[in-house]
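Asks: This is the structure, below, for whatever I ask next.
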Amino acid sequence: MRRVRGEVYLALALLNIFVLLAGFVSLDVIEARPLPAAPRPVTNAEGVAAAEPAAPTPADPERIADILDDPMSAAGLEDGLTGYVTDASGTPLFELDPDTAVTPASTTKIATAVAVLDAVGPDHVLTTGAHFDAAENRVVLRGGGDATLTATAESGAYPPLATLADLAEGTAEALAAEGVDTVSLGYDDSLFTGPETPPGWKPNYIPEGNAAPVTALMIDSGRVAPGASGYGSRSTEPSLHAARAFAEQLEEAGVTVEGEPSETTAPGEPIATVESPPMSRMVESMMLSSDNIMAEAMGRTAAIAMGGEHTFEGATAATHQVMAELGVEGVTLTDNSGLSTENRITPRALVELVRLSADPGHPALNAALTGLPTANSTGTLSSHNRYGEGAATHDGAGLVRGKTGTLNGVSTLAGTVHDQDGTMFVFAFMANSPSASGYQLDSLAAALTRCGCS
């Protein structure tokens with residue numbers, strides 16, 4: 001893995017000074033809808049690092065070990081804690097069983113982000129289409145794997161999402177040109193194949209709203225009622241749910257829809273289409289909100305682009321292939337979201353993936369870095385319990401950027417941090433222990449921000 005000058009990493013780490021999305025969740029396993037929030041500058045967070053050159057003096061590993069000693073002891077995770085810290089060039093500064101593969105929870109999404117960006121590129125979009133079967137007088141809604149597809153969207157939302165309302169308008173215009181104003185409706189979700197849930201998912205994930213069956217056609221990551229009401233409720237039939245929502249939008253557009261939508265195969269070319277945001281923006285949204293279903297859809301997208309099976313197994317195989325091509329060892333997955341209890345990743349692998357995302361030799365991967373939540377500001381690190389005012393970790397606000405991960409008995413955090421000298425470190429801390437909880441590792445990253453370690 002190539003070495004990258006610290007000042008280049010610092011510049012890239014601050015690239016996202018206008019963070020694209022805001023929002024938070026209490027746990028990674030219950031993630032937010034892709035967020036249509038206005039840009040929120042990281043400079044609003046207290047303690048945000050200034051854009052100054054990296055310190056020329058190398059950091060002292062002994063000082064880093066010393067400053068981490070107390071918070072590690074206080075966390076009470078000695079038997080289940082692993083970690084790895086490097087400087088921007090990749091020089092190891094702290095090692096605690098860095099090659100031990102453990103359950104990563106949602107830090108899995110770092111690997112997924114890198115895999116899909118490498119496979120399809122940052123400008124790739126996903127297309128949802130409406131097809132017309134004249135013989136059956138039937139419109140068929142065909143999914144393209146865009147989990148961010150939504151029924152309607154607020155004006156000015158960023159990034160702008162594909163909507164069924166826009167697709168319905170285009171469909172109504174095409175039908176009107178053919179003199180058609182009444183149709184039946186079918187739906188086609190055949191782009192994804194195989195089981196709708198992977199190995200390692202607990203039976204309660206879908207009933208409790210942490211996930212949905214993964215299909216190529218869904219709206220709002222399978223949520224029934226996104227927003228304050230029914231916030232976590234998910235459809236057990238997301239493709240049918242999306243088709244029913246499309247029927248409503250067709251009616252709004254002046255097309256009469258007869259009967260209940262039925263599963264079928266889309267014929268020929270679409271008469272209307274809508275496109276997702278570019279993959280780079282989708283990755284940022286997925287990382288910020290820790291959206292499990294977006295991550296799973298991205299794994300399938302990578303598999304399709306790489307000629308693999310359109311299944312969970314194909315998606316993880318594609319991710320493994322990208323890891324091998326990039327020279328990253330220590331990643332073994334059975335899903336792409338991190339909900340699986342069978343996933344294993346090493347701290348060293350997470351650090352290497354974060355560093356790769358900032359490598360100027362791999363510009364297509366940058367969204368995996370810019371999508372990292374910022375402490376006390378964005379995404380899953382914006383909760384007041386995580387670096388918020390009054391928290392013991394508050395001095396890490398704005399200085400810590402990291403992907404969080406939480407499952408029962410699992411807490412992980414990986415990303416970047418700046419110390420008092422302005423030096424940037426890349427870190428991964430992972431706790432697999434019955435006592436592990438969501439916020440315990442925040443104190444380790446916060447400790448690094450207090451360090452004048454050069």
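We name chains A, B, ... following the order of the structure tokens; residues begin at 1 in each chain, and ligands are numbered from 1 as shown.
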What lies within 10 Å of Met294 in chain A using only C-alpha atoms, ignoring chain neighbours under 6 positions off, as a list in words?
Replies: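 Near neighbours after the sequence-gap exclusion: Arg33, Pro34, Lys109, Gly145, Asp146, Ala147, Thr148, Val214, Asp220, Ser221, Gly222, Met282, Val283, Ser285, Met286, Met287, Arg300, Asn336 and Ser337 of chain A.
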Asks: Write out as a Markdown table a residue-level contact list of range 64-173 of chain A versus range 409-425 of chain A with cut-off 7 Å: for each qualifying residue the closest pair of atoms and the distance in Å to one decimal, counting only C-alpha atoms, rows sorted by chain and residue number upward.
Replies:
| residue | atom | partner | partner_atom | distance |
| --- | --- | --- | --- | --- |
| A:Val85 | CA | A:Phe425 | CA | 6.6 |
| A:Thr86 | CA | A:Phe425 | CA | 5.7 |
| A:Asp87 | CA | A:Phe425 | CA | 4.6 |
| A:Ala88 | CA | A:Phe425 | CA | 5.9 |
| A:Thr103 | CA | A:Val410 | CA | 7.0 |
| A:Pro104 | CA | A:Thr412 | CA | 6.3 |
| A:Ala105 | CA | A:Val410 | CA | 6.8 |
| A:Thr107 | CA | A:Thr412 | CA | 6.7 |
Asks: Could you write those residues out with all heavy atoms, as a JSON list (two decimals), in the first residue's frame?
Replies:
[["chain", "number", "residue", "atom", "x", "y", "z"],
["A", 85, "VAL", "N", -3.44, 2.45, 15.10],
["A", 85, "VAL", "CA", -3.34, 3.87, 14.78],
["A", 85, "VAL", "C", -2.09, 4.08, 13.95],
["A", 85, "VAL", "O", -1.01, 3.56, 14.28],
["A", 85, "VAL", "CB", -3.26, 4.74, 16.06],
["A", 85, "VAL", "CG1", -3.17, 6.23, 15.69],
["A", 85, "VAL", "CG2", -4.45, 4.49, 16.98],
["A", 86, "THR", "N", -2.20, 4.84, 12.87],
["A", 86, "THR", "CA", -1.05, 5.21, 12.06],
["A", 86, "THR", "C", -1.06, 6.71, 11.84],
["A", 86, "THR", "O", -2.07, 7.39, 12.09],
["A", 86, "THR", "CB", -1.06, 4.53, 10.68],
["A", 86, "THR", "OG1", -2.03, 5.16, 9.84],
["A", 86, "THR", "CG2", -1.34, 3.04, 10.79],
["A", 87, "ASP", "N", 0.08, 7.22, 11.37],
["A", 87, "ASP", "CA", 0.06, 8.61, 10.90],
["A", 87, "ASP", "C", -0.42, 8.61, 9.45],
["A", 87, "ASP", "O", -0.80, 7.57, 8.90],
["A", 87, "ASP", "CB", 1.42, 9.27, 11.07],
["A", 87, "ASP", "CG", 2.53, 8.64, 10.23],
["A", 87, "ASP", "OD1", 2.22, 7.83, 9.32],
["A", 87, "ASP", "OD2", 3.71, 8.94, 10.49],
["A", 88, "ALA", "N", -0.42, 9.79, 8.84],
["A", 88, "ALA", "CA", -0.97, 9.90, 7.49],
["A", 88, "ALA", "C", -0.19, 9.10, 6.47],
["A", 88, "ALA", "O", -0.74, 8.67, 5.45],
["A", 88, "ALA", "CB", -1.00, 11.38, 7.07],
["A", 103, "THR", "N", -15.77, -9.07, 14.85],
["A", 103, "THR", "CA", -17.04, -8.60, 14.29],
["A", 103, "THR", "C", -17.00, -7.08, 14.17],
["A", 103, "THR", "O", -16.82, -6.37, 15.16],
["A", 103, "THR", "CB", -18.22, -9.02, 15.17],
["A", 103, "THR", "OG1", -18.18, -10.44, 15.34],
["A", 103, "THR", "CG2", -19.54, -8.63, 14.54],
["A", 104, "PRO", "N", -17.18, -6.53, 12.96],
["A", 104, "PRO", "CA", -17.01, -5.08, 12.76],
["A", 104, "PRO", "C", -18.27, -4.25, 12.91],
["A", 104, "PRO", "O", -18.18, -3.02, 12.96],
["A", 104, "PRO", "CB", -16.50, -5.01, 11.32],
["A", 104, "PRO", "CG", -17.16, -6.19, 10.66],
["A", 104, "PRO", "CD", -17.28, -7.27, 11.71],
["A", 105, "ALA", "N", -19.45, -4.88, 12.92],
["A", 105, "ALA", "CA", -20.71, -4.15, 12.87],
["A", 105, "ALA", "C", -20.69, -3.19, 11.67],
["A", 105, "ALA", "O", -20.19, -3.55, 10.60],
["A", 105, "ALA", "CB", -20.98, -3.42, 14.18],
["A", 107, "THR", "N", -18.92, -0.69, 10.75],
["A", 107, "THR", "CA", -17.68, -0.27, 10.07],
["A", 107, "THR", "C", -17.44, -1.13, 8.83],
["A", 107, "THR", "O", -16.60, -0.79, 8.00],
["A", 107, "THR", "CB", -16.46, -0.33, 11.02],
["A", 107, "THR", "OG1", -16.43, -1.60, 11.69],
["A", 107, "THR", "CG2", -16.51, 0.80, 12.03]]
Asks: Find the residues around range 234-251 of chain A up to 10 Å (only C-alpha atoms counted), leave out those fewer than 4 positions away in its own chain, and share them as a PDB file with N, CA, C and O atoms, in the first residue's frame.
Replies:
ATOM      1  N   ALA A 130     -40.087   2.678 -16.093  1.00  0.00           N
ATOM      2  CA  ALA A 130     -41.471   2.265 -16.322  1.00  0.00           C
ATOM      3  C   ALA A 130     -41.572   1.753 -17.753  1.00  0.00           C
ATOM      4  O   ALA A 130     -41.160   2.431 -18.698  1.00  0.00           O
ATOM      5  N   VAL A 139     -48.591  -1.195 -17.395  1.00  0.00           N
ATOM      6  CA  VAL A 139     -47.320  -0.530 -17.083  1.00  0.00           C
ATOM      7  C   VAL A 139     -46.582  -1.402 -16.076  1.00  0.00           C
ATOM      8  O   VAL A 139     -47.189  -1.910 -15.121  1.00  0.00           O
ATOM      9  N   VAL A 140     -45.276  -1.576 -16.290  1.00  0.00           N
ATOM     10  CA  VAL A 140     -44.465  -2.386 -15.382  1.00  0.00           C
ATOM     11  C   VAL A 140     -43.357  -1.514 -14.802  1.00  0.00           C
ATOM     12  O   VAL A 140     -42.562  -0.921 -15.548  1.00  0.00           O
ATOM     13  N   LEU A 141     -43.321  -1.437 -13.492  1.00  0.00           N
ATOM     14  CA  LEU A 141     -42.286  -0.690 -12.777  1.00  0.00           C
ATOM     15  C   LEU A 141     -41.111  -1.630 -12.539  1.00  0.00           C
ATOM     16  O   LEU A 141     -41.267  -2.668 -11.885  1.00  0.00           O
ATOM     17  N   ARG A 142     -39.930  -1.273 -13.062  1.00  0.00           N
ATOM     18  CA  ARG A 142     -38.757  -2.144 -12.904  1.00  0.00           C
ATOM     19  C   ARG A 142     -37.703  -1.470 -12.032  1.00  0.00           C
ATOM     20  O   ARG A 142     -37.265  -0.347 -12.298  1.00  0.00           O
ATOM     21  N   GLY A 143     -37.294  -2.163 -10.968  1.00  0.00           N
ATOM     22  CA  GLY A 143     -36.302  -1.625 -10.050  1.00  0.00           C
ATOM     23  C   GLY A 143     -34.882  -1.778 -10.567  1.00  0.00           C
ATOM     24  O   GLY A 143     -34.545  -2.788 -11.192  1.00  0.00           O
ATOM     25  N   LEU A 149     -34.662   5.610  -3.844  1.00  0.00           N
ATOM     26  CA  LEU A 149     -35.884   5.976  -4.558  1.00  0.00           C
ATOM     27  C   LEU A 149     -36.975   6.311  -3.542  1.00  0.00           C
ATOM     28  O   LEU A 149     -37.126   5.631  -2.531  1.00  0.00           O
ATOM     29  N   THR A 150     -37.730   7.381  -3.821  1.00  0.00           N
ATOM     30  CA  THR A 150     -38.760   7.803  -2.888  1.00  0.00           C
ATOM     31  C   THR A 150     -40.006   8.223  -3.653  1.00  0.00           C
ATOM     32  O   THR A 150     -39.954   8.420  -4.883  1.00  0.00           O
ATOM     33  N   ALA A 151     -41.129   8.323  -2.964  1.00  0.00           N
ATOM     34  CA  ALA A 151     -42.383   8.669  -3.642  1.00  0.00           C
ATOM     35  C   ALA A 151     -42.352  10.111  -4.126  1.00  0.00           C
ATOM     36  O   ALA A 151     -42.606  10.410  -5.295  1.00  0.00           O
ATOM     37  N   THR A 152     -42.087  11.026  -3.217  1.00  0.00           N
ATOM     38  CA  THR A 152     -41.953  12.444  -3.552  1.00  0.00           C
ATOM     39  C   THR A 152     -40.767  12.984  -2.760  1.00  0.00           C
ATOM     40  O   THR A 152     -40.320  12.369  -1.796  1.00  0.00           O
ATOM     41  N   THR A 163     -37.609  10.151  -7.830  1.00  0.00           N
ATOM     42  CA  THR A 163     -38.938  10.047  -7.223  1.00  0.00           C
ATOM     43  C   THR A 163     -39.916   9.330  -8.142  1.00  0.00           C
ATOM     44  O   THR A 163     -39.846   9.427  -9.371  1.00  0.00           O
ATOM     45  N   LEU A 164     -40.842   8.618  -7.516  1.00  0.00           N
ATOM     46  CA  LEU A 164     -41.919   7.992  -8.268  1.00  0.00           C
ATOM     47  C   LEU A 164     -42.848   9.041  -8.873  1.00  0.00           C
ATOM     48  O   LEU A 164     -43.471   8.797  -9.910  1.00  0.00           O
ATOM     49  N   ALA A 165     -42.924  10.201  -8.248  1.00  0.00           N
ATOM     50  CA  ALA A 165     -43.750  11.279  -8.797  1.00  0.00           C
ATOM     51  C   ALA A 165     -43.228  11.708 -10.168  1.00  0.00           C
ATOM     52  O   ALA A 165     -43.997  11.870 -11.121  1.00  0.00           O
ATOM     53  N   ASP A 166     -41.912  11.890 -10.264  1.00  0.00           N
ATOM     54  CA  ASP A 166     -41.326  12.269 -11.554  1.00  0.00           C
ATOM     55  C   ASP A 166     -41.494  11.141 -12.579  1.00  0.00           C
ATOM     56  O   ASP A 166     -41.779  11.394 -13.759  1.00  0.00           O
ATOM     57  N   LEU A 167     -41.300   9.906 -12.129  1.00  0.00           N
ATOM     58  CA  LEU A 167     -41.455   8.773 -13.043  1.00  0.00           C
ATOM     59  C   LEU A 167     -42.894   8.665 -13.529  1.00  0.00           C
ATOM     60  O   LEU A 167     -43.151   8.368 -14.708  1.00  0.00           O
ATOM     61  N   ALA A 168     -43.841   8.917 -12.641  1.00  0.00           N
ATOM     62  CA  ALA A 168     -45.256   8.860 -13.025  1.00  0.00           C
ATOM     63  C   ALA A 168     -45.598   9.937 -14.043  1.00  0.00           C
ATOM     64  O   ALA A 168     -46.362   9.699 -14.998  1.00  0.00           O
ATOM     65  N   GLU A 169     -45.060  11.129 -13.865  1.00  0.00           N
ATOM     66  CA  GLU A 169     -45.318  12.204 -14.820  1.00  0.00           C
ATOM     67  C   GLU A 169     -44.799  11.839 -16.206  1.00  0.00           C
ATOM     68  O   GLU A 169     -45.485  12.038 -17.220  1.00  0.00           O
ATOM     69  N   GLY A 170     -43.565  11.315 -16.248  1.00  0.00           N
ATOM     70  CA  GLY A 170     -43.009  10.902 -17.533  1.00  0.00           C
ATOM     71  C   GLY A 170     -43.800   9.763 -18.157  1.00  0.00           C
ATOM     72  O   GLY A 170     -44.005   9.716 -19.385  1.00  0.00           O
ATOM     73  N   THR A 171     -44.261   8.848 -17.311  1.00  0.00           N
ATOM     74  CA  THR A 171     -45.054   7.721 -17.801  1.00  0.00           C
ATOM     75  C   THR A 171     -46.396   8.198 -18.348  1.00  0.00           C
ATOM     76  O   THR A 171     -46.846   7.751 -19.418  1.00  0.00           O
ATOM     77  N   ALA A 172     -47.042   9.114 -17.636  1.00  0.00           N
ATOM     78  CA  ALA A 172     -48.339   9.645 -18.079  1.00  0.00           C
ATOM     79  C   ALA A 172     -48.213  10.351 -19.424  1.00  0.00           C
ATOM     80  O   ALA A 172     -49.076  10.216 -20.295  1.00  0.00           O
ATOM     81  N   ASP A 181     -55.117   6.096 -21.117  1.00  0.00           N
ATOM     82  CA  ASP A 181     -55.283   6.777 -19.835  1.00  0.00           C
ATOM     83  C   ASP A 181     -55.696   5.834 -18.707  1.00  0.00           C
ATOM     84  O   ASP A 181     -55.884   6.250 -17.568  1.00  0.00           O
ATOM     85  N   THR A 182     -55.846   4.540 -19.030  1.00  0.00           N
ATOM     86  CA  THR A 182     -56.198   3.538 -18.027  1.00  0.00           C
ATOM     87  C   THR A 182     -55.334   2.297 -18.250  1.00  0.00           C
ATOM     88  O   THR A 182     -55.241   1.788 -19.378  1.00  0.00           O
ATOM     89  N   VAL A 183     -54.687   1.829 -17.152  1.00  0.00           N
ATOM     90  CA  VAL A 183     -53.768   0.684 -17.263  1.00  0.00           C
ATOM     91  C   VAL A 183     -53.880  -0.183 -16.014  1.00  0.00           C
ATOM     92  O   VAL A 183     -54.418   0.238 -14.990  1.00  0.00           O
ATOM     93  N   SER A 184     -53.348  -1.386 -16.122  1.00  0.00           N
ATOM     94  CA  SER A 184     -53.040  -2.176 -14.929  1.00  0.00           C
ATOM     95  C   SER A 184     -51.561  -1.971 -14.630  1.00  0.00           C
ATOM     96  O   SER A 184     -50.827  -1.380 -15.428  1.00  0.00           O
ATOM     97  N   LEU A 185     -51.112  -2.437 -13.473  1.00  0.00           N
ATOM     98  CA  LEU A 185     -49.731  -2.170 -13.061  1.00  0.00           C
ATOM     99  C   LEU A 185     -49.048  -3.453 -12.610  1.00  0.00           C
ATOM    100  O   LEU A 185     -49.603  -4.239 -11.830  1.00  0.00           O
ATOM    101  N   GLY A 186     -47.856  -3.654 -13.102  1.00  0.00           N
ATOM    102  CA  GLY A 186     -47.010  -4.749 -12.652  1.00  0.00           C
ATOM    103  C   GLY A 186     -45.707  -4.207 -12.110  1.00  0.00           C
ATOM    104  O   GLY A 186     -45.395  -3.027 -12.253  1.00  0.00           O
ATOM    105  N   TYR A 187     -44.946  -5.076 -11.470  1.00  0.00           N
ATOM    106  CA  TYR A 187     -43.630  -4.661 -10.977  1.00  0.00           C
ATOM    107  C   TYR A 187     -42.621  -5.782 -11.196  1.00  0.00           C
ATOM    108  O   TYR A 187     -42.953  -6.968 -11.168  1.00  0.00           O
ATOM    109  N   ASP A 188     -41.369  -5.380 -11.420  1.00  0.00           N
ATOM    110  CA  ASP A 188     -40.289  -6.306 -11.764  1.00  0.00           C
ATOM    111  C   ASP A 188     -39.089  -5.980 -10.871  1.00  0.00           C
ATOM    112  O   ASP A 188     -38.470  -4.926 -11.007  1.00  0.00           O
ATOM    113  N   ASP A 189     -38.785  -6.891  -9.943  1.00  0.00           N
ATOM    114  CA  ASP A 189     -37.637  -6.692  -9.055  1.00  0.00           C
ATOM    115  C   ASP A 189     -36.569  -7.759  -9.293  1.00  0.00           C
ATOM    116  O   ASP A 189     -35.786  -8.098  -8.408  1.00  0.00           O
ATOM    117  N   ILE A 206     -35.716  -7.518  10.857  1.00  0.00           N
ATOM    118  CA  ILE A 206     -36.790  -6.964  10.021  1.00  0.00           C
ATOM    119  C   ILE A 206     -38.019  -6.597  10.845  1.00  0.00           C
ATOM    120  O   ILE A 206     -38.532  -5.477  10.712  1.00  0.00           O
ATOM    121  N   PRO A 207     -38.506  -7.475  11.741  1.00  0.00           N
ATOM    122  CA  PRO A 207     -39.679  -7.080  12.541  1.00  0.00           C
ATOM    123  C   PRO A 207     -39.459  -5.819  13.368  1.00  0.00           C
ATOM    124  O   PRO A 207     -40.393  -5.044  13.574  1.00  0.00           O
ATOM    125  N   GLU A 208     -38.229  -5.606  13.830  1.00  0.00           N
ATOM    126  CA  GLU A 208     -37.953  -4.426  14.652  1.00  0.00           C
ATOM    127  C   GLU A 208     -37.586  -3.200  13.819  1.00  0.00           C
ATOM    128  O   GLU A 208     -37.327  -2.131  14.370  1.00  0.00           O
ATOM    129  N   GLY A 209     -37.539  -3.332  12.499  1.00  0.00           N
ATOM    130  CA  GLY A 209     -37.300  -2.180  11.643  1.00  0.00           C
ATOM    131  C   GLY A 209     -35.844  -1.845  11.414  1.00  0.00           C
ATOM    132  O   GLY A 209     -35.532  -0.782  10.863  1.00  0.00           O
ATOM    133  N   ASN A 210     -34.914  -2.727  11.800  1.00  0.00           N
ATOM    134  CA  ASN A 210     -33.503  -2.462  11.558  1.00  0.00           C
ATOM    135  C   ASN A 210     -33.115  -2.701  10.107  1.00  0.00           C
ATOM    136  O   ASN A 210     -32.086  -2.205   9.643  1.00  0.00           O
ATOM    137  N   ALA A 211     -33.912  -3.478   9.394  1.00  0.00           N
ATOM    138  CA  ALA A 211     -33.621  -3.818   8.008  1.00  0.00           C
ATOM    139  C   ALA A 211     -34.925  -4.194   7.321  1.00  0.00           C
ATOM    140  O   ALA A 211     -35.983  -4.259   7.947  1.00  0.00           O
ATOM    141  N   ALA A 212     -34.810  -4.436   6.017  1.00  0.00           N
ATOM    142  CA  ALA A 212     -35.937  -4.927   5.226  1.00  0.00           C
ATOM    143  C   ALA A 212     -35.414  -6.023   4.317  1.00  0.00           C
ATOM    144  O   ALA A 212     -34.203  -6.128   4.099  1.00  0.00           O
ATOM    145  N   PRO A 213     -36.298  -6.855   3.778  1.00  0.00           N
ATOM    146  CA  PRO A 213     -35.844  -7.776   2.739  1.00  0.00           C
ATOM    147  C   PRO A 213     -35.185  -6.966   1.619  1.00  0.00           C
ATOM    148  O   PRO A 213     -35.688  -5.906   1.233  1.00  0.00           O
ATOM    149  N   VAL A 214     -34.058  -7.432   1.119  1.00  0.00           N
ATOM    150  CA  VAL A 214     -33.300  -6.667   0.135  1.00  0.00           C
ATOM    151  C   VAL A 214     -33.773  -7.044  -1.264  1.00  0.00           C
ATOM    152  O   VAL A 214     -33.571  -8.172  -1.721  1.00  0.00           O
ATOM    153  N   THR A 215     -34.427  -6.100  -1.927  1.00  0.00           N
ATOM    154  CA  THR A 215     -34.915  -6.304  -3.285  1.00  0.00           C
ATOM    155  C   THR A 215     -34.425  -5.164  -4.170  1.00  0.00           C
ATOM    156  O   THR A 215     -33.995  -4.112  -3.676  1.00  0.00           O
ATOM    157  N   ALA A 216     -34.526  -5.353  -5.475  1.00  0.00           N
ATOM    158  CA  ALA A 216     -34.054  -4.342  -6.421  1.00  0.00           C
ATOM    159  C   ALA A 216     -35.035  -3.200  -6.596  1.00  0.00           C
ATOM    160  O   ALA A 216     -34.725  -2.203  -7.249  1.00  0.00           O
ATOM    161  N   LEU A 217     -36.235  -3.344  -6.022  1.00  0.00           N
ATOM    162  CA  LEU A 217     -37.260  -2.306  -6.124  1.00  0.00           C
ATOM    163  C   LEU A 217     -37.779  -2.000  -4.731  1.00  0.00           C
ATOM    164  O   LEU A 217     -38.412  -2.843  -4.094  1.00  0.00           O
ATOM    165  N   MET A 218     -37.503  -0.814  -4.252  1.00  0.00           N
ATOM    166  CA  MET A 218     -38.031  -0.382  -2.959  1.00  0.00           C
ATOM    167  C   MET A 218     -37.944   1.134  -2.885  1.00  0.00           C
ATOM    168  O   MET A 218     -37.254   1.776  -3.683  1.00  0.00           O
ATOM    169  N   ILE A 219     -38.679   1.702  -1.956  1.00  0.00           N
ATOM    170  CA  ILE A 219     -38.593   3.133  -1.704  1.00  0.00           C
ATOM    171  C   ILE A 219     -38.158   3.349  -0.264  1.00  0.00           C
ATOM    172  O   ILE A 219     -38.505   2.575   0.627  1.00  0.00           O
ATOM    173  N   ASP A 220     -37.363   4.382  -0.058  1.00  0.00           N
ATOM    174  CA  ASP A 220     -36.958   4.788   1.294  1.00  0.00           C
ATOM    175  C   ASP A 220     -36.325   3.639   2.084  1.00  0.00           C
ATOM    176  O   ASP A 220     -36.594   3.455   3.266  1.00  0.00           O
ATOM    177  N   SER A 221     -35.491   2.857   1.407  1.00  0.00           N
ATOM    178  CA  SER A 221     -34.831   1.711   2.036  1.00  0.00           C
ATOM    179  C   SER A 221     -35.826   0.754   2.688  1.00  0.00           C
ATOM    180  O   SER A 221     -35.545   0.134   3.700  1.00  0.00           O
ATOM    181  N   GLY A 222     -37.009   0.670   2.101  1.00  0.00           N
ATOM    182  CA  GLY A 222     -38.013  -0.267   2.585  1.00  0.00           C
ATOM    183  C   GLY A 222     -38.900   0.260   3.680  1.00  0.00           C
ATOM    184  O   GLY A 222     -39.765  -0.478   4.191  1.00  0.00           O
ATOM    185  N   ARG A 223     -38.732   1.521   4.071  1.00  0.00           N
ATOM    186  CA  ARG A 223     -39.547   2.059   5.158  1.00  0.00           C
ATOM    187  C   ARG A 223     -40.984   2.282   4.700  1.00  0.00           C
ATOM    188  O   ARG A 223     -41.238   2.743   3.596  1.00  0.00           O
ATOM    189  N   VAL A 224     -41.895   2.002   5.593  1.00  0.00           N
ATOM    190  CA  VAL A 224     -43.310   2.172   5.307  1.00  0.00           C
ATOM    191  C   VAL A 224     -43.699   3.640   5.418  1.00  0.00           C
ATOM    192  O   VAL A 224     -44.422   4.176   4.585  1.00  0.00           O
ATOM    193  N   ALA A 225     -43.229   4.297   6.469  1.00  0.00           N
ATOM    194  CA  ALA A 225     -43.600   5.690   6.710  1.00  0.00           C
ATOM    195  C   ALA A 225     -42.383   6.443   7.216  1.00  0.00           C
ATOM    196  O   ALA A 225     -42.258   6.693   8.414  1.00  0.00           O
ATOM    197  N   PRO A 226     -41.445   6.814   6.351  1.00  0.00           N
ATOM    198  CA  PRO A 226     -40.261   7.551   6.807  1.00  0.00           C
ATOM    199  C   PRO A 226     -40.650   8.888   7.410  1.00  0.00           C
ATOM    200  O   PRO A 226     -41.627   9.503   7.000  1.00  0.00           O
ATOM    201  N   GLY A 230     -43.907   6.444  12.493  1.00  0.00           N
ATOM    202  CA  GLY A 230     -43.535   5.173  11.898  1.00  0.00           C
ATOM    203  C   GLY A 230     -42.102   5.139  11.458  1.00  0.00           C
ATOM    204  O   GLY A 230     -41.761   4.534  10.450  1.00  0.00           O
ATOM    205  N   VAL A 255     -53.468   9.114 -14.642  1.00  0.00           N
ATOM    206  CA  VAL A 255     -53.606   7.778 -15.219  1.00  0.00           C
ATOM    207  C   VAL A 255     -54.418   6.914 -14.259  1.00  0.00           C
ATOM    208  O   VAL A 255     -54.066   6.784 -13.082  1.00  0.00           O
ATOM    209  N   THR A 256     -55.477   6.304 -14.727  1.00  0.00           N
ATOM    210  CA  THR A 256     -56.274   5.406 -13.900  1.00  0.00           C
ATOM    211  C   THR A 256     -55.593   4.038 -13.843  1.00  0.00           C
ATOM    212  O   THR A 256     -55.237   3.470 -14.881  1.00  0.00           O
ATOM    213  N   VAL A 257     -55.397   3.537 -12.617  1.00  0.00           N
ATOM    214  CA  VAL A 257     -54.756   2.237 -12.429  1.00  0.00           C
ATOM    215  C   VAL A 257     -55.802   1.267 -11.906  1.00  0.00           C
ATOM    216  O   VAL A 257     -56.402   1.476 -10.844  1.00  0.00           O
ATOM    217  N   GLU A 258     -55.999   0.193 -12.633  1.00  0.00           N
ATOM    218  CA  GLU A 258     -57.015  -0.801 -12.260  1.00  0.00           C
ATOM    219  C   GLU A 258     -56.372  -1.977 -11.539  1.00  0.00           C
ATOM    220  O   GLU A 258     -55.351  -2.511 -11.986  1.00  0.00           O
ATOM    221  N   GLY A 259     -56.961  -2.377 -10.431  1.00  0.00           N
ATOM    222  CA  GLY A 259     -56.519  -3.571  -9.728  1.00  0.00           C
ATOM    223  C   GLY A 259     -55.265  -3.369  -8.901  1.00  0.00           C
ATOM    224  O   GLY A 259     -54.694  -2.267  -8.811  1.00  0.00           O
ATOM    225  N   GLU A 260     -54.828  -4.456  -8.281  1.00  0.00           N
ATOM    226  CA  GLU A 260     -53.652  -4.474  -7.421  1.00  0.00           C
ATOM    227  C   GLU A 260     -52.412  -4.752  -8.273  1.00  0.00           C
ATOM    228  O   GLU A 260     -52.463  -5.555  -9.210  1.00  0.00           O
ATOM    229  N   PRO A 261     -51.266  -4.103  -7.978  1.00  0.00           N
ATOM    230  CA  PRO A 261     -50.037  -4.412  -8.717  1.00  0.00           C
ATOM    231  C   PRO A 261     -49.671  -5.886  -8.584  1.00  0.00           C
ATOM    232  O   PRO A 261     -49.862  -6.501  -7.524  1.00  0.00           O
ATOM    233  N   SER A 262     -49.140  -6.455  -9.670  1.00  0.00           N
ATOM    234  CA  SER A 262     -48.754  -7.863  -9.670  1.00  0.00           C
ATOM    235  C   SER A 262     -47.319  -8.014 -10.162  1.00  0.00           C
ATOM    236  O   SER A 262     -46.838  -7.222 -10.984  1.00  0.00           O
ATOM    237  N   GLU A 263     -46.643  -9.049  -9.664  1.00  0.00           N
ATOM    238  CA  GLU A 263     -45.259  -9.300 -10.063  1.00  0.00           C
ATOM    239  C   GLU A 263     -45.231  -9.861 -11.477  1.00  0.00           C
ATOM    240  O   GLU A 263     -45.987 -10.763 -11.823  1.00  0.00           O
TER     241      GLU A 263
END
Asks: Could you find all residues in range 167-279 of chain A that DSSP calls strand (DSSP E) from the backbone, and write them as a ChimeraX atom specification?
Replies: /A:182-188,256-263,272-275
Asks: From the options A:Glu342, A:Asp79, A:Asp123, A:Asp70, which residue's atoms come nearest to Val102 in chain A, counting only C-alpha atoms?
Replies: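 Going through A:Glu342, A:Asp79, A:Asp123, A:Asp70 one by one, the smallest distance to Val102 in chain A is for A:Glu342.
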Asks: Grab the CA of Ala176 in chain A to CA of His131 in chain A distance for me, in Å with one decimal place.
Replies: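 Going from CA of Ala176 in chain A over to CA of His131 in chain A covers 14.1 Å.
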